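Structure file final_14.cif (mmCIF, C-alpha atoms (C1' of nucleotides)) follows.
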data_query
#
loop_
_atom_site.label_atom_id
_atom_site.label_comp_id
_atom_site.auth_asym_id
_atom_site.auth_seq_id
_atom_site.Cartn_x
_atom_site.Cartn_y
_atom_site.Cartn_z
CA MET A 1443 0.00 0.00 0.00
CA ARG A 1444 1.33 3.38 -0.99
CA ASP A 1445 1.63 6.27 1.45
CA MET A 1446 -1.49 8.38 0.98
CA THR A 1447 -0.16 11.71 2.24
CA GLU A 1448 0.06 14.56 -0.23
CA PRO A 1449 3.03 13.96 -2.57
CA ARG A 1450 5.87 16.47 -2.73
CA TRP A 1451 5.39 17.91 -6.21
CA LEU A 1452 8.43 19.12 -8.10
CA ASN A 1453 9.53 22.70 -7.50
CA ALA A 1454 10.50 24.97 -10.39
CA ASP A 1455 14.16 23.97 -10.55
CA GLU A 1456 13.47 20.29 -10.11
CA ARG A 1457 10.98 20.52 -12.90
CA ARG A 1458 13.49 22.31 -15.12
CA ALA A 1459 16.13 19.68 -14.45
CA TRP A 1460 13.71 16.84 -14.99
CA LEU A 1461 12.21 18.19 -18.21
CA ALA A 1462 15.64 18.96 -19.62
CA LEU A 1463 16.85 15.48 -18.86
CA VAL A 1464 13.83 13.83 -20.44
CA SER A 1465 14.16 16.02 -23.51
CA ILE A 1466 17.87 15.29 -23.91
CA ASN A 1467 17.01 11.70 -23.48
CA THR A 1468 14.81 11.60 -26.53
CA LEU A 1469 16.59 14.18 -28.67
CA LEU A 1470 20.23 13.13 -28.31
CA PRO A 1471 19.99 9.42 -29.11
CA ALA A 1472 17.63 10.18 -31.96
CA ALA A 1473 20.09 12.63 -33.50
CA LEU A 1474 23.04 10.28 -33.12
CA ASP A 1475 21.00 7.37 -34.41
CA THR A 1476 20.20 9.12 -37.65
CA LYS A 1477 23.82 10.25 -38.06
CA LEU A 1478 25.10 6.73 -37.55
CA HIS A 1479 22.39 5.26 -39.69
CA THR A 1480 23.33 7.39 -42.67
CA ALA A 1481 27.05 6.86 -42.05
CA GLY A 1482 26.93 3.12 -41.67
CA LYS A 1483 23.47 1.60 -41.32
CA LEU A 1484 23.77 1.04 -37.61
CA SER A 1485 22.15 2.36 -34.45
CA LEU A 1486 23.80 4.04 -31.50
CA PHE A 1487 23.35 0.83 -29.57
CA ASP A 1488 25.00 -1.25 -32.31
CA TYR A 1489 27.85 1.22 -32.31
CA THR A 1490 28.20 1.07 -28.54
CA VAL A 1491 28.42 -2.71 -28.62
CA LEU A 1492 31.17 -2.64 -31.24
CA ALA A 1493 32.98 0.15 -29.39
CA MET A 1494 32.96 -1.75 -26.09
CA LEU A 1495 34.36 -4.82 -27.79
CA SER A 1496 37.03 -2.79 -29.57
CA GLU A 1497 38.21 -1.37 -26.24
CA ALA A 1498 38.23 -4.70 -24.45
CA GLU A 1499 41.45 -6.64 -24.02
CA GLY A 1500 41.65 -9.20 -26.81
CA ARG A 1501 38.59 -7.59 -28.40
CA PHE A 1502 36.17 -10.01 -26.83
CA LEU A 1503 33.87 -10.09 -23.80
CA PRO A 1504 31.40 -12.50 -22.23
CA MET A 1505 27.86 -11.66 -23.22
CA SER A 1506 26.89 -10.66 -19.69
CA GLU A 1507 29.85 -8.32 -19.33
CA LEU A 1508 29.08 -6.80 -22.71
CA ALA A 1509 25.48 -6.37 -21.63
CA ALA A 1510 26.63 -4.56 -18.48
CA ARG A 1511 28.90 -2.24 -20.44
CA SER A 1512 26.19 -1.33 -22.89
CA SER A 1513 23.53 -1.03 -20.14
CA ALA A 1514 21.33 -3.53 -21.92
CA SER A 1515 19.43 -6.66 -21.01
CA LEU A 1516 20.97 -9.92 -22.03
CA SER A 1517 18.01 -10.57 -24.24
CA ARG A 1518 18.40 -7.34 -26.15
CA LEU A 1519 22.10 -7.91 -26.53
CA SER A 1520 21.59 -11.44 -27.76
CA HIS A 1521 19.29 -10.29 -30.55
CA VAL A 1522 21.66 -7.52 -31.55
CA VAL A 1523 24.71 -9.76 -31.54
CA THR A 1524 22.84 -12.13 -33.83
CA LYS A 1525 22.30 -9.24 -36.21
CA LEU A 1526 25.93 -8.06 -36.01
CA GLN A 1527 27.04 -11.65 -36.54
CA LYS A 1528 25.04 -11.84 -39.77
CA ARG A 1529 26.91 -8.75 -40.96
CA GLY A 1530 30.23 -10.39 -40.16
CA TRP A 1531 31.24 -7.88 -37.49
CA VAL A 1532 31.03 -10.15 -34.45
CA GLU A 1533 31.53 -13.85 -33.72
CA ARG A 1534 30.21 -15.98 -30.89
CA ARG A 1535 32.53 -18.52 -29.25
CA PRO A 1536 32.11 -20.82 -26.26
CA HIS A 1537 34.14 -19.96 -23.18
CA PRO A 1538 36.99 -22.46 -22.68
CA HIS A 1539 36.51 -22.93 -18.93
CA ASP A 1540 32.84 -22.30 -18.26
CA ALA A 1541 30.43 -23.92 -20.67
CA ARG A 1542 27.60 -21.58 -19.68
CA VAL A 1543 29.44 -18.55 -20.99
CA THR A 1544 29.39 -17.29 -24.58
CA THR A 1545 31.99 -14.74 -25.59
CA ALA A 1546 31.41 -12.18 -28.32
CA HIS A 1547 34.48 -11.45 -30.46
CA LEU A 1548 34.99 -8.47 -32.71
CA THR A 1549 36.07 -9.61 -36.18
CA GLU A 1550 38.55 -7.78 -38.41
CA GLU A 1551 35.67 -6.44 -40.46
CA GLY A 1552 33.98 -5.29 -37.28
CA MET A 1553 37.14 -3.52 -36.18
CA ALA A 1554 37.50 -1.92 -39.60
CA THR A 1555 33.93 -0.67 -39.39
CA ILE A 1556 34.36 0.98 -36.04
CA VAL A 1557 37.73 2.48 -36.97
CA GLU A 1558 36.05 4.02 -39.97
CA LEU A 1559 33.05 5.30 -38.04
CA ALA A 1560 34.68 6.48 -34.81
CA PRO A 1561 36.08 9.86 -35.91
CA GLY A 1562 32.77 10.96 -37.34
CA HIS A 1563 30.91 9.75 -34.31
CA VAL A 1564 33.18 11.58 -31.88
CA GLU A 1565 32.75 14.68 -33.94
CA ASP A 1566 28.99 14.30 -33.77
CA VAL A 1567 29.09 13.88 -30.01
CA ARG A 1568 31.07 17.10 -29.75
CA ASP A 1569 28.87 18.88 -32.19
CA LEU A 1570 25.55 17.87 -30.66
CA PHE A 1571 26.51 17.86 -27.04
CA LEU A 1572 29.95 18.72 -25.67
CA ASP A 1573 30.45 21.90 -27.64
CA ALA A 1574 27.46 23.38 -25.84
CA LEU A 1575 29.33 23.14 -22.55
CA THR A 1576 32.20 24.87 -20.76
CA GLU A 1577 34.92 22.84 -19.04
CA GLN A 1578 33.21 23.50 -15.72
CA ASP A 1579 29.90 22.25 -17.14
CA VAL A 1580 31.56 19.03 -18.25
CA LEU A 1581 33.00 18.54 -14.78
CA ASP A 1582 29.68 19.26 -13.09
CA LEU A 1583 27.83 16.97 -15.44
CA ALA A 1584 30.29 14.13 -14.87
CA ARG A 1585 29.89 14.50 -11.11
CA ILE A 1586 26.09 14.75 -11.19
CA GLY A 1587 25.73 12.07 -13.83
CA GLU A 1588 27.75 9.58 -11.84
CA LYS A 1589 25.67 10.29 -8.76
CA VAL A 1590 22.52 9.50 -10.68
CA VAL A 1591 23.99 6.38 -12.23
CA GLY A 1592 25.02 5.24 -8.77
CA ARG A 1593 21.47 5.60 -7.55
CA LEU A 1594 20.04 3.71 -10.50
CA ASP A 1595 22.60 0.93 -10.32
CA ALA A 1596 25.09 0.99 -7.49
CA ASP A 1597 27.35 -1.57 -9.20
CA HIS A 1598 27.34 0.04 -12.62
CA TRP A 1599 30.55 -0.59 -14.52
CA ILE A 1600 31.35 3.08 -15.14
CA LEU A 1601 31.70 3.49 -11.37
CA ARG A 1602 34.28 0.73 -11.03
CA GLU A 1603 37.63 1.84 -9.68
CA ASN A 1604 40.60 0.76 -11.73
CA MET B 1006 33.59 15.28 -47.62
CA ARG B 1007 34.60 14.97 -44.02
CA ASP B 1008 37.67 16.70 -42.63
CA MET B 1009 40.44 14.10 -42.58
CA THR B 1010 42.61 15.58 -39.85
CA GLU B 1011 43.02 13.58 -36.64
CA PRO B 1012 39.80 13.84 -34.61
CA ARG B 1013 39.85 15.33 -31.12
CA TRP B 1014 39.17 12.27 -28.97
CA LEU B 1015 37.34 12.74 -25.71
CA ASN B 1016 39.44 13.57 -22.67
CA ALA B 1017 38.85 11.83 -19.33
CA ASP B 1018 36.18 14.22 -18.03
CA GLU B 1019 34.38 14.45 -21.32
CA ARG B 1020 34.33 10.69 -21.45
CA ARG B 1021 32.97 10.48 -17.90
CA ALA B 1022 30.24 12.97 -18.69
CA TRP B 1023 29.35 11.24 -21.92
CA LEU B 1024 29.27 7.73 -20.50
CA ALA B 1025 27.21 8.85 -17.51
CA LEU B 1026 24.71 10.55 -19.77
CA VAL B 1027 24.36 7.53 -22.04
CA SER B 1028 23.94 5.24 -19.04
CA ILE B 1029 21.31 7.43 -17.43
CA ASN B 1030 19.65 7.52 -20.75
CA THR B 1031 19.07 3.79 -20.84
CA LEU B 1032 18.66 3.12 -17.13
CA LEU B 1033 16.28 5.88 -16.08
CA PRO B 1034 13.52 5.48 -18.69
CA ALA B 1035 13.73 1.71 -18.29
CA ALA B 1036 13.21 1.95 -14.54
CA LEU B 1037 10.33 4.41 -14.85
CA ASP B 1038 8.80 2.37 -17.65
CA THR B 1039 8.60 -0.74 -15.53
CA LYS B 1040 7.21 1.23 -12.58
CA LEU B 1041 4.51 2.79 -14.72
CA HIS B 1042 3.82 -0.44 -16.47
CA THR B 1043 3.08 -2.26 -13.23
CA ALA B 1044 1.12 0.72 -11.87
CA GLY B 1045 -1.05 1.27 -14.90
CA LYS B 1046 -0.02 -0.60 -18.04
CA LEU B 1047 1.49 2.42 -19.71
CA SER B 1048 4.92 3.60 -20.77
CA LEU B 1049 6.76 6.74 -19.75
CA PHE B 1050 5.97 8.19 -23.12
CA ASP B 1051 2.25 7.41 -22.77
CA TYR B 1052 2.35 9.06 -19.37
CA THR B 1053 4.11 12.14 -20.73
CA VAL B 1054 1.49 12.57 -23.43
CA LEU B 1055 -1.34 12.41 -20.91
CA ALA B 1056 0.52 14.73 -18.54
CA MET B 1057 1.10 17.34 -21.24
CA LEU B 1058 -2.58 17.29 -22.15
CA SER B 1059 -3.64 17.53 -18.52
CA GLU B 1060 -1.52 20.66 -18.08
CA ALA B 1061 -2.72 22.31 -21.28
CA GLU B 1062 -5.45 24.94 -21.20
CA GLY B 1063 -8.75 23.21 -21.92
CA ARG B 1064 -6.93 19.87 -21.76
CA PHE B 1065 -6.38 19.65 -25.47
CA LEU B 1066 -3.59 20.43 -27.92
CA PRO B 1067 -2.99 20.20 -31.66
CA MET B 1068 -1.10 17.03 -32.54
CA SER B 1069 1.97 18.97 -33.64
CA GLU B 1070 2.12 20.97 -30.43
CA LEU B 1071 1.69 17.81 -28.41
CA ALA B 1072 4.47 16.20 -30.42
CA ALA B 1073 6.74 19.15 -29.64
CA ARG B 1074 5.99 18.99 -25.93
CA SER B 1075 6.70 15.29 -25.78
CA SER B 1076 9.80 15.56 -28.01
CA ALA B 1077 8.35 13.02 -30.40
CA SER B 1078 7.82 12.73 -34.13
CA LEU B 1079 4.32 13.27 -35.39
CA SER B 1080 4.31 9.70 -36.59
CA ARG B 1081 5.16 8.26 -33.22
CA LEU B 1082 2.62 10.45 -31.52
CA SER B 1083 -0.08 9.51 -34.01
CA HIS B 1084 0.39 5.80 -33.29
CA VAL B 1085 0.36 6.38 -29.55
CA VAL B 1086 -2.71 8.59 -29.63
CA THR B 1087 -4.50 5.86 -31.54
CA LYS B 1088 -3.63 3.47 -28.74
CA LEU B 1089 -4.69 5.90 -26.00
CA GLN B 1090 -7.89 6.55 -27.91
CA LYS B 1091 -8.72 2.85 -27.89
CA ARG B 1092 -8.34 2.90 -24.12
CA GLY B 1093 -10.73 5.83 -23.86
CA TRP B 1094 -8.19 8.28 -22.44
CA VAL B 1095 -7.89 10.61 -25.42
CA GLU B 1096 -10.16 11.82 -28.22
CA ARG B 1097 -9.31 13.24 -31.61
CA ARG B 1098 -11.31 16.20 -32.90
CA PRO B 1099 -10.97 18.36 -36.00
CA HIS B 1100 -9.81 21.93 -35.45
CA PRO B 1101 -12.69 24.38 -36.00
CA HIS B 1102 -10.71 26.93 -38.06
CA ASP B 1103 -7.99 24.94 -39.80
CA ALA B 1104 -9.08 21.69 -41.34
CA ARG B 1105 -5.52 20.36 -41.49
CA VAL B 1106 -5.22 20.34 -37.73
CA THR B 1107 -6.33 17.53 -35.44
CA THR B 1108 -6.58 18.25 -31.73
CA ALA B 1109 -6.10 15.61 -29.08
CA HIS B 1110 -8.40 15.98 -26.07
CA LEU B 1111 -7.96 14.35 -22.69
CA THR B 1112 -11.17 12.58 -21.65
CA GLU B 1113 -12.50 12.39 -18.11
CA GLU B 1114 -11.21 8.82 -17.85
CA GLY B 1115 -7.83 9.98 -19.10
CA MET B 1116 -7.77 12.73 -16.49
CA ALA B 1117 -8.78 10.28 -13.78
CA THR B 1118 -5.96 7.96 -14.84
CA ILE B 1119 -3.29 10.59 -14.64
CA VAL B 1120 -4.59 11.97 -11.35
CA GLU B 1121 -4.33 8.47 -9.95
CA LEU B 1122 -0.87 7.82 -11.33
CA ALA B 1123 0.81 11.19 -10.79
CA PRO B 1124 1.66 10.96 -7.07
CA GLY B 1125 3.36 7.61 -7.49
CA HIS B 1126 5.19 8.76 -10.56
CA VAL B 1127 6.52 11.90 -8.88
CA GLU B 1128 7.64 9.77 -5.98
CA ASP B 1129 9.46 7.45 -8.38
CA VAL B 1130 11.18 10.38 -10.07
CA ARG B 1131 12.39 11.57 -6.69
CA ASP B 1132 13.38 8.12 -5.61
CA LEU B 1133 15.30 7.19 -8.75
CA PHE B 1134 16.75 10.53 -9.62
CA LEU B 1135 16.25 13.74 -7.64
CA ASP B 1136 17.00 12.28 -4.23
CA ALA B 1137 20.52 11.52 -5.41
CA LEU B 1138 21.16 15.24 -5.85
CA THR B 1139 21.75 18.31 -3.69
CA GLU B 1140 19.94 21.57 -4.37
CA GLN B 1141 23.06 22.86 -6.06
CA ASP B 1142 23.22 19.75 -8.27
CA VAL B 1143 19.63 20.31 -9.35
CA LEU B 1144 20.44 23.90 -10.25
CA ASP B 1145 23.58 22.91 -12.17
CA LEU B 1146 21.77 20.16 -13.99
CA ALA B 1147 18.92 22.46 -14.99
CA ARG B 1148 21.41 24.98 -16.36
CA ILE B 1149 23.53 22.41 -18.21
CA GLY B 1150 20.53 20.44 -19.42
CA GLU B 1151 18.92 23.49 -20.93
CA LYS B 1152 22.15 24.37 -22.71
CA VAL B 1153 22.25 20.93 -24.28
CA VAL B 1154 18.59 21.04 -25.24
CA GLY B 1155 19.18 24.40 -26.85
CA ARG B 1156 21.94 22.96 -28.96
CA LEU B 1157 19.85 20.00 -30.02
CA ASP B 1158 16.79 22.07 -30.79
CA ALA B 1159 17.07 25.84 -30.50
CA ASP B 1160 13.28 26.27 -30.56
CA HIS B 1161 12.48 23.58 -28.04
CA TRP B 1162 9.35 24.31 -26.04
CA ILE B 1163 11.01 24.03 -22.63
CA LEU B 1164 13.14 27.05 -23.57
CA ARG B 1165 10.17 29.26 -24.37
CA GLU B 1166 9.87 32.37 -22.25
CA ASN B 1167 6.51 32.94 -20.63
"C1'" DG C 61 26.28 -38.57 -6.34
"C1'" DG C 62 21.90 -36.45 -6.91
"C1'" DG C 63 18.39 -32.69 -5.65
"C1'" DG C 64 17.80 -27.88 -5.64
"C1'" DC C 65 19.12 -23.39 -6.79
"C1'" DC C 66 21.72 -19.92 -9.17
"C1'" DT C 67 23.99 -17.99 -13.29
"C1'" DA C 68 24.44 -17.45 -18.49
"C1'" DG C 69 22.29 -17.25 -22.51
"C1'" DT C 70 18.73 -18.03 -26.30
"C1'" DT C 71 14.29 -17.86 -28.49
"C1'" DG C 72 9.57 -16.54 -30.23
"C1'" DA C 73 5.77 -13.77 -29.83
"C1'" DA C 74 3.86 -9.33 -28.86
"C1'" DG C 75 4.16 -4.51 -28.57
"C1'" DA C 76 6.63 -0.17 -29.89
"C1'" DA C 77 9.49 2.97 -32.89
"C1'" DT C 78 11.00 4.52 -37.34
"C1'" DC C 79 10.75 5.44 -42.13
"C1'" DA C 80 8.86 6.47 -46.42
"C1'" DA C 81 4.82 7.16 -48.90
"C1'" DC C 82 0.87 9.37 -48.98
"C1'" DC C 83 -3.55 12.53 -48.53
"C1'" DA C 84 -5.67 16.84 -47.62
"C1'" DC C 85 -5.73 21.50 -46.69
"C1'" DG C 86 -3.96 26.41 -46.86
"C1'" DC C 87 -1.38 30.04 -48.77
"C1'" DT C 88 0.94 32.61 -52.46
"C1'" DG C 89 1.33 34.58 -56.87
"C1'" DC C 90 -0.11 34.88 -61.36
"C1'" DG D 867 -9.30 30.31 -60.03
"C1'" DC D 868 -5.72 27.25 -60.21
"C1'" DA D 869 -0.61 25.63 -60.05
"C1'" DG D 870 2.77 24.83 -56.84
"C1'" DC D 871 4.65 24.53 -52.43
"C1'" DG D 872 4.65 24.02 -47.47
"C1'" DT D 873 2.22 22.33 -43.38
"C1'" DG D 874 -0.34 18.86 -40.53
"C1'" DG D 875 -1.33 14.43 -40.05
"C1'" DT D 876 -2.04 9.31 -40.98
"C1'" DT D 877 -0.79 4.70 -42.37
"C1'" DG D 878 1.67 0.24 -43.28
"C1'" DA D 879 5.92 -2.16 -43.57
"C1'" DT D 880 10.12 -2.99 -41.42
"C1'" DT D 881 12.98 -3.06 -37.62
"C1'" DC D 882 13.72 -3.02 -32.54
"C1'" DT D 883 12.66 -3.99 -27.83
"C1'" DT D 884 10.64 -6.39 -24.23
"C1'" DC D 885 8.74 -10.17 -21.87
"C1'" DA D 886 8.13 -14.74 -20.50
"C1'" DA D 887 9.48 -19.28 -21.17
"C1'" DC D 888 13.03 -22.30 -21.65
"C1'" DT D 889 17.79 -24.93 -22.00
"C1'" DA D 890 21.82 -25.97 -19.81
"C1'" DG D 891 25.81 -25.85 -17.02
"C1'" DG D 892 27.85 -24.88 -12.39
"C1'" DC D 893 27.72 -24.98 -7.29
"C1'" DC D 894 26.39 -26.36 -2.62
"C1'" DC D 895 25.54 -29.60 0.53
"C1'" DC D 896 23.48 -33.40 2.59
#
Would you mind giving the structure from this file in structure tokens?
Amino acid sequence: MRDMTEPRWLNADERRAWLALVSINTLLPAALDTKLHTAGKLSLFDYTVLAMLSEAEGRFLPMSELAARSSASLSRLSHVVTKLQKRGWVERRPHPHDARVTTAHLTEEGMATIVELAPGHVEDVRDLFLDALTEQDVLDLARIGEKVVGRLDADHWILREN
Amino acid sequence: MRDMTEPRWLNADERRAWLALVSINTLLPAALDTKLHTAGKLSLFDYTVLAMLSEAEGRFLPMSELAARSSASLSRLSHVVTKLQKRGWVERRPHPHDARVTTAHLTEEGMATIVELAPGHVEDVRDLFLDALTEQDVLDLARIGEKVVGRLDADHWILREN
DNA sequence: GGGGCCTAGTTGAAGAATCAACCACGCTGC
DNA sequence: GCAGCGTGGTTGATTCTTCAACTAGGCCCC
């Protein structure tokens, strides 16, 4: 049963912050999606998956680790990896020591794709997002963003010390 | 033709800010979606559409204005309004003076639904997001968020003066 | 050494988003 | 008064995402 006392509605600044976040949330991925789609027929999520693999040691990761690093469900990832596999960018292999685990490997073609796309993508991220901000803004946003991520998922990989 | 000089890769803080934003972007809507889905079988986007109508004068808006206020394409909105219409929460009516325009009206049942859901939703927003932040964070985020929105869409409705 | 539970991953069906094609109306200029 | 263009909106096909169900291997412990 929910508490029936009068809820604390958002004040003006909370509302501003909330509306801005929701708007960014729909606008930014949409803009990057269309950019990436015209550049290389892939979505921001596809790109993220390839990018995470390309940065991993040996260019492979267990599916569950890849899911964590792309903030996706295992189910979603599995479907997407199947698609990327059909395009020859990723391969699935069994894990040598734990038969439950599947590892996703970036192929040479996959690596070539991301190497080709990365400069344009970084430029788009700057153009659509970072260039709007001062250095101080970037710092503030990193601090605030990590707080929020920590509340949503205390064990999130971007918060790992290393 | 794209500029072929070496791209400016993200520095550590830019990367932190970017990764945090992308993570929030997938985690937050997903969490609110499941909350709203168990509370009332609707998505965050459905909720937003109803909320925007409930706050509008006369509880109706032209489709294109509603699309702007929910940061959606007209196509997406049209599909969703059809769904909400089937549930009896929204009605479509022709505009009296411009036959091109359709207005979406919130019905009594629609209003009742949002009145019922709003307190829980606000609580969830606080719980998942705002409660992680200090007053200063909220202020910073509002400022930074609006800058980013302005870059993505200079005419965005949340930036309108009034 | 076998029952029960947890972790890792896949699959198919159902619902949602996007894209391109399209219709209808309004405005402008001739 | 009608040709042409821009605006407002809808629709259907395709693609994506989610959800629930399921397989299968590992681990604990009696």
Residues of chain A within 8 Å of chain D, only C-alpha atoms (C1' of nucleotides) counted, as a PyMOL selection string: chain A and resi 1518+1540-1542
Å distance separating atom CA of Lys1091 of chain B from atom CA of Thr1112 of chain B, one decimal place: 11.8 Å
Could you give me, as CSV, a per-residue list for chain C showing, wherever an atom lies at most 10 Å from an atom of chain B, the closest pair of atoms and their distance in Å to one decimal, using all atoms listed in the file and sorting by chain then residue number from low to high?
residue,atom,partner,partner_atom,distance
C:DA76,C1',B:Val1085,CA,9.1
C:DA77,C1',B:Arg1081,CA,6.8
C:DT78,C1',B:Arg1081,CA,8.1
C:DC79,C1',B:Ser1080,CA,9.5
C:DA84,C1',B:Arg1105,CA,7.1
C:DC85,C1',B:Arg1105,CA,5.3
C:DG86,C1',B:Arg1105,CA,8.2
Picked residues, the PyMOL selection byres ((chain B) within 7 of (chain A)), expected as a ChimeraX atom specification: /B:1012,1014,1018-1019,1021-1022,1025-1026,1028-1032,1076,1124,1127,1133-1134,1137,1142-1144,1146-1147,1149-1154,1156-1157
Residues matched by the PyMOL selection byres ((chain B and resi 1095) around 8), written as a list of chain:residue names: B:Val1086, B:Leu1089, B:Gln1090, B:Arg1092, B:Gly1093, B:Trp1094, B:Glu1096, B:Arg1097, B:Ala1109, B:His1110, B:Leu1111, B:Thr1112, B:Gly1115
Just need the box for segment 883-894 of chain D, edges along x, y and z, holding every atom the file lists for it with 4 Å tacked onto each side, so centre and edge lengths in Å to one decimal, as lines of an AutoDock Vina configuration file.
center_x = 18.0
center_y = -15.2
center_z = -15.2
size_x = 27.7
size_y = 30.4
size_z = 33.2
